[in-house]
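Here's the structure we're looking at; comments come further down.
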Amino acid sequence: MDFIDKNNIFPYFFSMKTHNKIYLKDYVPPNFLIDHIDLTFELTNDYTQVTSLLQVVKNKDVANDATSLVFDKGDFKISSVIANGMVLLPDEYEAGKDYFKLMKTPDEFTLEITSILYPEKNTSLEGLYKSGDIFCTQCEAQGFRRITPFPDRPDVMATYTCTIIADKDQYPFLLSNGNLVKSGDLDKNRHFVTWQDPFKKPSYLFALVAGDLVRIEDTFTTCSGKKIDLHVYVEKENQDKCDHAMQSLKQAMKWDEKRFSLEYDLDLYMIVAINDFNAGAMENKGLNIFNSKAVLADSKTATDDDFLYIQSVVAHEYFHNWTGNRVTLRNWFQLSLKEGLTVFRDQEFSSDLNSRGVKRISDVKKMRLYQFPEDDGPMTHPVRPESYIKMDNFYTMTVYDKGSEVIGMIHQILGEDLFMKGMALYFDRFDGMAVTIEDFVKAMEDASSKDLTQFKLWYSQSGTPTITLERKYDAKTQTLSITVRQATSPDRNQQVKKPLHIPLRFGIVDRDGNDITPQNAELLELKTDEEIFEFKNIPLGALPSICRQFSAPVKISADYTDDDLAFLMAHDTDEFNRWDACQTLLFKEIKSIVGQIEHKKTLQVSAHLIQAFQKALGDEKADKAFLAKTLIIPNETEIKDHFDIINVTAIHKAHKFLEKTIALKLKDEFMDIIKKCESDPLSISAKDMANRNLKNLALSYVGALGLPDGIDIVMEHYETARNMTDELAGFRILLNINEGVKLKAVEKFYNKWRQDKLVLDKWFAAQAASSLPDTLEKVRALTHHPDFSIKNPNKVRSLFNMFAMFNQIHFHDKEGLGYAFIADQILEVDALNQMVAARLAGCFNHFKKYDEKRKALMKYELERIISHESLSKNVYEIVSRALE
């Protein structure tokens with residue numbers, strides 16, 4: 001049976017426009033280099049005039065006398081061009097929509113170009129734009145070309161001077177990279193400032209901010225005794241929400257000195273928080289521009305997770321000063337060299353300041369939720385991609401988080417001392433240079449005398465390896481033999497996968513829960529398709545524990561029974577593997593219930609799972625933060641990735657049934673947790689956060705039953721909450737009970753927080769995630785809400801991305817209404833902001849894994865999107881890959 005009219009599909013398909021790819025193999029050095037650029041911005045409410053004075057040098061290694069100068073350029077008008085002091089007429093240069101060209105040039109010359117920009121009309125949030133009344137920039141990856149013609153690539157490094165001129169009252173703060181060297185007053189109530197950055201940098205690190213802001217000040221004294229001024233700039237109403245970000249910055253600066261011996265190099269470090277930003281933050285040299293959600297926090301408006309997120313992001317951007325800024329990239333294919341390495345550094349920082357085990361669980365959970373499906377979908381690519389249409393689409397979990405895991409594996413193979421020796425050598429060799437992944441790996445090899453030739457495949461081979469573990473035990477000799485195999489499925493990048501060098505942290509636990517791992521067996525290095533490891537003097541019943549601490553980004557398939565898993569959940573000495581044993585039990589249970597639903601059997605939950613939960617809840621000595629991570633049921637988005645064919649309805653029913661059954665069987669235990677887990681509502685200590693987390697998990701189980709007494713308990717928790725962690729937890733639970741309870745909670749939350757933009761993002765997101773029947777209609781109505789703006793990335797992500805990515809039952813409405821709604825939003829957002837639209841379009845990436853009806857309905861919407869006449873390259877790349 002056909003679910004759509006195929007006669008309406010083919011016109012879409014055949015009208016599809018294609019775009020050229022850029023390939024790593026085609027890299028050549030730039031024809032022209034820039035020694036210095038002097039920028040002048042004259043900001044007005046109607047337009048901005050930008051004048052760039054460049055000291056241009058022909059790169060004689062690749063260019064000759066006949067080589068034309070071709071710069072990248074945005075879609076703006078050039079008002080004048082002056083070369084070596086001579087004004088050029090319009091017919092003496094070419095200015096196309098995306099390029100600027102001079103046919104013939106001397107080997108060295110000055111080039112002055114004046115352009116006219118309209119930042120208030122720039123909804124892409126790339127280049128120079130306005131966020132409310134604030135001028136700001138975003139130049140990574142290719143935004144600088146939207147400001148002035150330039151060789152906008154990371155291997156062109158120059159020193160920068162920037163002068164900003166604007167009205168004194170409207171724009172009292174005028175900020176850019178480096179150190180402030182001059183300022184003064186001008187006519188017509190204007191003023192100017194000049195900033196100078198002494199360090200050479202690529203154009204993507206340029207930044208400018210101008211606005212009426214409040215400055216929060218602090219200082220940091222480096223290990224060499226140098227005093228650094230620290231400034232955080234925010235809008236006036238947010239000045240009391242910056243303390244945590246400032247403290248996080250000082251913690252990061254101190255940690256980087258202690259762990260990596262890296263000291264800050266300028267006299268001033270600035271952070272600016274703005275409301276309209278495509279990403280989390282940007283590490284521009286000396287002037288970091290942040291999405292406001294990554295800076296602003298107090299206990300009333302920010303959750304515990306928000307506090308941890310801010311700490312991590314502030315550290316991440318600071319750490320880029322060395323891993324990304326001082327040592328940068330030869331080309332964008334090397335992106336993981338700065339991002340993967342810096343994610344590794346910020347994860348280590350967060351682990352050192354908080355619970356390492358809980359942090360590791362959080363990071364792996366994110367990897368499995370986002371990166372594993374990316375490896376298994378149409379956008380699969382190696383950590384270093386081979387090609388792209390739009391580089392913006394490759395700021396991915398693979399480049400960032402899998403890239404971090406690759407750095408972590410090098411750390412494990414080398415050990416801490418040799419790894420740090422390699423890092424020191426890397427900075428010593430390449431400070432001030434644009435380099436490659438090979439340069440980084442070579443520094444590690446030279447520092448450690450380790451051969452990482454095979455290991456480098458992690459950077460060029462896509463996909464997630466599956467590690468299979470098979471046990472044999474000889475009781476006579478007390479020998480445990482473990483056969484370990486690796487396999488990576490073929491994909492669009494490689495049909496034949498080579499064996500990788502995989503470090504596997506390993507242990508053995510006896511039946512009394514003792515770690516009896518033989519000496520020198522803590523790290524197994526798998527380098528072939530199959531290897532056998534033998535261990536002597538191992539008692540009967542001892543269990544192997546493999547890939548401890550998630551030592552490699554792999555999937556594990558082991559011959560564990562349910563009893564084995566329950567034992568490891570309770571007794572494994574590795575905290576991560578205890579959590580992972582519980583996760584494996586939960587996924588097995590959900591698969592079993594889905595099978596019962598599909599075969600119309602009576603639904604039931606295994607007794608051993610209930611017993612494992614009961615034992616964990618009754619352990620008075622258990623780490624509450626660990627319990628809160630362990631005893632939460634995976635969400636439906638996580639669950640779907642464990643099925644070859646996704647049965648949306650059955651997964652939803654199975655999830656609800658499992659949650660309610662656990663809640664019903666263990667209601668007394670959960671009520672006991674609710675009573676015992678007391679915390680200081682205003683404290684963000686590890687203990688208080690852990691108590692809140694576990695208590696809110698217990699409340700979610702009690703609320704899932706939908707019984708009057710449980711609803712009353714959750715409602716009281718919500719209405720009396722003294723921090724956003726508890727308030728939002730209660731709010732989310734109430735939105736999934738019934739329509740009456742939901743309406744009351746929605747109204748109360750909005751009336752309380754209607755003046756706070758970031759809290760309203762949470763309000764939109766919670767409604768988009770509700771499992772109640774009318775959610776799609778509510779989400780559609782919220783697009784017309786006065787506090788929703790389709791131009792604001794945070795609002796788009798809170799409403800559309802939350803609905804499409806995390807509300808499986810309603811996005812995958814069997815009639816296709818959710819698909820049509822989101823496709824409409826993708827096209828509308830694409831006309832404004834291509835990067836945000838492309839991220840949203842990824843919700844269709846796995847459409848081929850659904851049943852035939854849903855697959856056909858999603859394909860119809862994808863073909864409708866790709867046929868759109870003015871579709872951006874960003875969205876085209878995502879959608880065309882999905883349709884392949």
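Identifiers for the structure tokens are assigned positionally: chains receive A, B, ... in sequence, residues are indexed from 1 per chain, and ligands are indexed from 1 in the order shown.
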
*asked:* Set the distance at 10 Å and use only C-alpha atoms: which residues neighbour A:Gln549 once local chain neighbours fewer than 6 positions away are removed? I'd like the list as a PyMOL selection string.
replied: chain A and resi 356-357+360-361+364+504-506+574-577+580

*Residues near A:Asp417, cut-off 12 Å, only C-alpha atoms, skip fewer than 5 positions along chain, as a list of chain:residue names*: A:Arg259, A:Phe260, A:Ile410, A:His411, A:Gln412, A:Gly422, A:Met423, A:Ala424, A:Met444, A:Ala447, A:Ser448

*asked:* Between A:Gly211, A:Pro106, A:Pro786, A:Gly85, which residue has the minimum interatomic distance to A:Gly132, considering only C-alpha atoms?
replied: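 So, comparing all the options, the nearest one is A:Gly211.
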
*Measure the distance from atom CA of A:Thr661 to atom CA of A:Asn807 in Å and round it to one decimal.*
21.7 Å

*Please provide the set of residues having any atom within 6 Å of stretch 59-68 of chain A, restricted to only C-alpha atoms, with same-chain residues fewer than 3 positions apart removed, written as a PyMOL selection string.*
chain A and resi 31-32+102-104

Filtered DSSP result for stretch 329-506 of chain A, state strand (DSSP E or B), as a short mmCIF file (atom, residue, chain, number, x, y, z; two decimals) with N, CA, C and O atoms, in the first residue's frame:
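Result saved to selection-v9.cif:
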```
data_model
loop_
_atom_site.label_atom_id
_atom_site.label_comp_id
_atom_site.auth_asym_id
_atom_site.auth_seq_id
_atom_site.Cartn_x
_atom_site.Cartn_y
_atom_site.Cartn_z
N LEU A 329 45.15 25.75 13.29
CA LEU A 329 44.93 24.70 12.29
C LEU A 329 45.44 25.12 10.92
O LEU A 329 45.28 26.27 10.51
N SER A 387 35.97 15.47 3.26
CA SER A 387 35.36 16.47 2.39
C SER A 387 34.18 17.13 3.10
O SER A 387 33.68 16.60 4.09
N TYR A 388 33.77 18.27 2.60
CA TYR A 388 32.57 18.93 3.09
C TYR A 388 32.04 19.89 2.03
O TYR A 388 32.77 20.31 1.12
N ALA A 434 50.28 27.19 12.27
CA ALA A 434 49.07 26.48 11.86
C ALA A 434 49.48 25.07 11.43
O ALA A 434 50.25 24.92 10.47
N VAL A 435 48.99 24.06 12.13
CA VAL A 435 49.55 22.71 11.99
C VAL A 435 48.47 21.67 11.71
O VAL A 435 47.29 21.99 11.55
N THR A 466 32.83 -2.50 17.20
CA THR A 466 32.20 -3.37 18.19
C THR A 466 33.24 -4.35 18.70
O THR A 466 33.90 -5.04 17.91
N ILE A 467 33.40 -4.40 20.00
CA ILE A 467 34.32 -5.34 20.65
C ILE A 467 33.50 -6.50 21.20
O ILE A 467 32.58 -6.30 21.98
N THR A 468 33.84 -7.68 20.77
CA THR A 468 33.17 -8.90 21.24
C THR A 468 34.09 -9.64 22.20
O THR A 468 35.27 -9.88 21.88
N LEU A 469 33.55 -9.97 23.36
CA LEU A 469 34.31 -10.68 24.38
C LEU A 469 33.70 -12.07 24.59
O LEU A 469 32.50 -12.19 24.82
N GLU A 470 34.55 -13.09 24.52
CA GLU A 470 34.09 -14.47 24.73
C GLU A 470 35.03 -15.16 25.72
O GLU A 470 36.25 -15.11 25.57
N ARG A 471 34.43 -15.80 26.75
CA ARG A 471 35.22 -16.39 27.84
C ARG A 471 35.31 -17.91 27.74
O ARG A 471 34.38 -18.57 27.29
N LYS A 472 36.45 -18.43 28.17
CA LYS A 472 36.61 -19.87 28.39
C LYS A 472 37.39 -20.04 29.70
O LYS A 472 38.33 -19.30 29.98
N TYR A 473 36.96 -21.05 30.48
CA TYR A 473 37.62 -21.24 31.78
C TYR A 473 38.01 -22.70 31.94
O TYR A 473 37.19 -23.61 31.74
N ASP A 474 39.28 -22.90 32.26
CA ASP A 474 39.79 -24.24 32.52
C ASP A 474 39.92 -24.40 34.03
O ASP A 474 40.81 -23.82 34.66
N THR A 479 42.68 -21.31 34.60
CA THR A 479 43.07 -20.36 33.55
C THR A 479 41.83 -19.78 32.90
O THR A 479 40.96 -20.51 32.43
N LEU A 480 41.77 -18.47 32.88
CA LEU A 480 40.69 -17.76 32.20
C LEU A 480 41.22 -17.26 30.87
O LEU A 480 42.17 -16.48 30.82
N SER A 481 40.61 -17.73 29.78
CA SER A 481 40.99 -17.28 28.44
C SER A 481 39.90 -16.37 27.90
O SER A 481 38.71 -16.71 27.95
N ILE A 482 40.31 -15.25 27.39
CA ILE A 482 39.35 -14.29 26.85
C ILE A 482 39.71 -13.98 25.40
O ILE A 482 40.82 -13.52 25.11
N THR A 483 38.78 -14.28 24.52
CA THR A 483 38.96 -13.95 23.10
C THR A 483 38.29 -12.60 22.84
O THR A 483 37.10 -12.43 23.11
N VAL A 484 39.07 -11.67 22.36
CA VAL A 484 38.57 -10.32 22.08
C VAL A 484 38.65 -10.06 20.58
O VAL A 484 39.71 -10.22 19.97
N ARG A 485 37.53 -9.70 20.00
CA ARG A 485 37.47 -9.42 18.55
C ARG A 485 37.00 -7.99 18.33
O ARG A 485 36.23 -7.45 19.11
N GLN A 486 37.46 -7.40 17.25
CA GLN A 486 36.98 -6.08 16.86
C GLN A 486 36.44 -6.12 15.43
O GLN A 486 36.96 -6.85 14.58
N ALA A 487 35.38 -5.36 15.19
CA ALA A 487 34.80 -5.26 13.86
C ALA A 487 34.11 -3.91 13.72
O ALA A 487 33.43 -3.46 14.64
N ILE A 502 43.39 -0.37 19.75
CA ILE A 502 42.37 -0.04 20.75
C ILE A 502 42.88 -0.35 22.16
O ILE A 502 43.13 -1.52 22.49
N PRO A 503 43.03 0.65 23.01
CA PRO A 503 43.41 0.38 24.40
C PRO A 503 42.16 0.03 25.23
O PRO A 503 41.19 0.77 25.26
N LEU A 504 42.21 -1.11 25.89
CA LEU A 504 41.07 -1.57 26.68
C LEU A 504 41.50 -1.73 28.14
O LEU A 504 42.29 -2.62 28.48
N ARG A 505 40.99 -0.83 28.99
CA ARG A 505 41.26 -1.00 30.42
C ARG A 505 40.52 -2.24 30.90
O ARG A 505 39.37 -2.48 30.54
N PHE A 506 41.19 -3.02 31.74
CA PHE A 506 40.71 -4.37 32.04
C PHE A 506 40.86 -4.67 33.53
O PHE A 506 41.74 -4.15 34.21
#
```

*Exercise: A:Phe76 partners within 10 Å, only C-alpha atoms, chain neighbours under 4 positions left out, as a ChimeraX atom specification*: /A:95-98,115-118,145-149

If you keep N, CA, C and O atoms, can you produce a file of those selected residues as a PDB file, in the first residue's frame?
```
ATOM      1  N   ALA A  95      34.454  42.427  -7.907  1.00  0.00           N
ATOM      2  CA  ALA A  95      33.804  42.184  -6.614  1.00  0.00           C
ATOM      3  C   ALA A  95      32.521  41.409  -6.875  1.00  0.00           C
ATOM      4  O   ALA A  95      31.469  41.987  -7.164  1.00  0.00           O
ATOM      5  N   GLY A  96      32.627  40.080  -6.811  1.00  0.00           N
ATOM      6  CA  GLY A  96      31.461  39.229  -7.006  1.00  0.00           C
ATOM      7  C   GLY A  96      30.697  39.034  -5.704  1.00  0.00           C
ATOM      8  O   GLY A  96      31.016  39.644  -4.672  1.00  0.00           O
ATOM      9  N   LYS A  97      29.712  38.162  -5.752  1.00  0.00           N
ATOM     10  CA  LYS A  97      28.897  37.916  -4.554  1.00  0.00           C
ATOM     11  C   LYS A  97      29.722  37.271  -3.454  1.00  0.00           C
ATOM     12  O   LYS A  97      29.481  37.513  -2.269  1.00  0.00           O
ATOM     13  N   ASP A  98      30.721  36.450  -3.834  1.00  0.00           N
ATOM     14  CA  ASP A  98      31.481  35.736  -2.802  1.00  0.00           C
ATOM     15  C   ASP A  98      32.998  35.820  -3.003  1.00  0.00           C
ATOM     16  O   ASP A  98      33.743  35.044  -2.429  1.00  0.00           O
ATOM     17  N   SER A 115      34.097  48.877   2.968  1.00  0.00           N
ATOM     18  CA  SER A 115      32.858  48.163   2.679  1.00  0.00           C
ATOM     19  C   SER A 115      31.725  48.715   3.531  1.00  0.00           C
ATOM     20  O   SER A 115      31.967  49.303   4.594  1.00  0.00           O
ATOM     21  N   ILE A 116      30.497  48.494   3.079  1.00  0.00           N
ATOM     22  CA  ILE A 116      29.313  48.924   3.816  1.00  0.00           C
ATOM     23  C   ILE A 116      28.510  47.684   4.213  1.00  0.00           C
ATOM     24  O   ILE A 116      28.158  46.856   3.367  1.00  0.00           O
ATOM     25  N   LEU A 117      28.249  47.553   5.517  1.00  0.00           N
ATOM     26  CA  LEU A 117      27.510  46.412   6.054  1.00  0.00           C
ATOM     27  C   LEU A 117      26.216  46.889   6.712  1.00  0.00           C
ATOM     28  O   LEU A 117      26.121  48.035   7.155  1.00  0.00           O
ATOM     29  N   TYR A 118      25.262  45.971   6.830  1.00  0.00           N
ATOM     30  CA  TYR A 118      23.990  46.256   7.511  1.00  0.00           C
ATOM     31  C   TYR A 118      23.766  45.186   8.582  1.00  0.00           C
ATOM     32  O   TYR A 118      23.001  44.231   8.387  1.00  0.00           O
ATOM     33  N   ARG A 145      34.840  36.751   6.301  1.00  0.00           N
ATOM     34  CA  ARG A 145      34.625  37.207   4.925  1.00  0.00           C
ATOM     35  C   ARG A 145      33.341  38.016   4.784  1.00  0.00           C
ATOM     36  O   ARG A 145      33.179  38.731   3.799  1.00  0.00           O
ATOM     37  N   ARG A 146      32.433  37.896   5.731  1.00  0.00           N
ATOM     38  CA  ARG A 146      31.206  38.686   5.718  1.00  0.00           C
ATOM     39  C   ARG A 146      31.441  40.101   6.247  1.00  0.00           C
ATOM     40  O   ARG A 146      30.531  40.932   6.227  1.00  0.00           O
ATOM     41  N   ILE A 147      32.658  40.358   6.746  1.00  0.00           N
ATOM     42  CA  ILE A 147      33.008  41.670   7.280  1.00  0.00           C
ATOM     43  C   ILE A 147      33.845  42.461   6.282  1.00  0.00           C
ATOM     44  O   ILE A 147      33.619  43.653   6.059  1.00  0.00           O
ATOM     45  N   THR A 148      34.833  41.801   5.680  1.00  0.00           N
ATOM     46  CA  THR A 148      35.723  42.459   4.726  1.00  0.00           C
ATOM     47  C   THR A 148      36.344  41.396   3.832  1.00  0.00           C
ATOM     48  O   THR A 148      36.511  40.243   4.267  1.00  0.00           O
ATOM     49  N   PRO A 149      36.701  41.731   2.583  1.00  0.00           N
ATOM     50  CA  PRO A 149      37.401  40.747   1.743  1.00  0.00           C
ATOM     51  C   PRO A 149      38.721  40.327   2.382  1.00  0.00           C
ATOM     52  O   PRO A 149      39.482  41.179   2.877  1.00  0.00           O
TER      53      PRO A 149
END
```

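Atom CA of A:Cys677 lies 5.0 Å from atom CA of A:Asn691.
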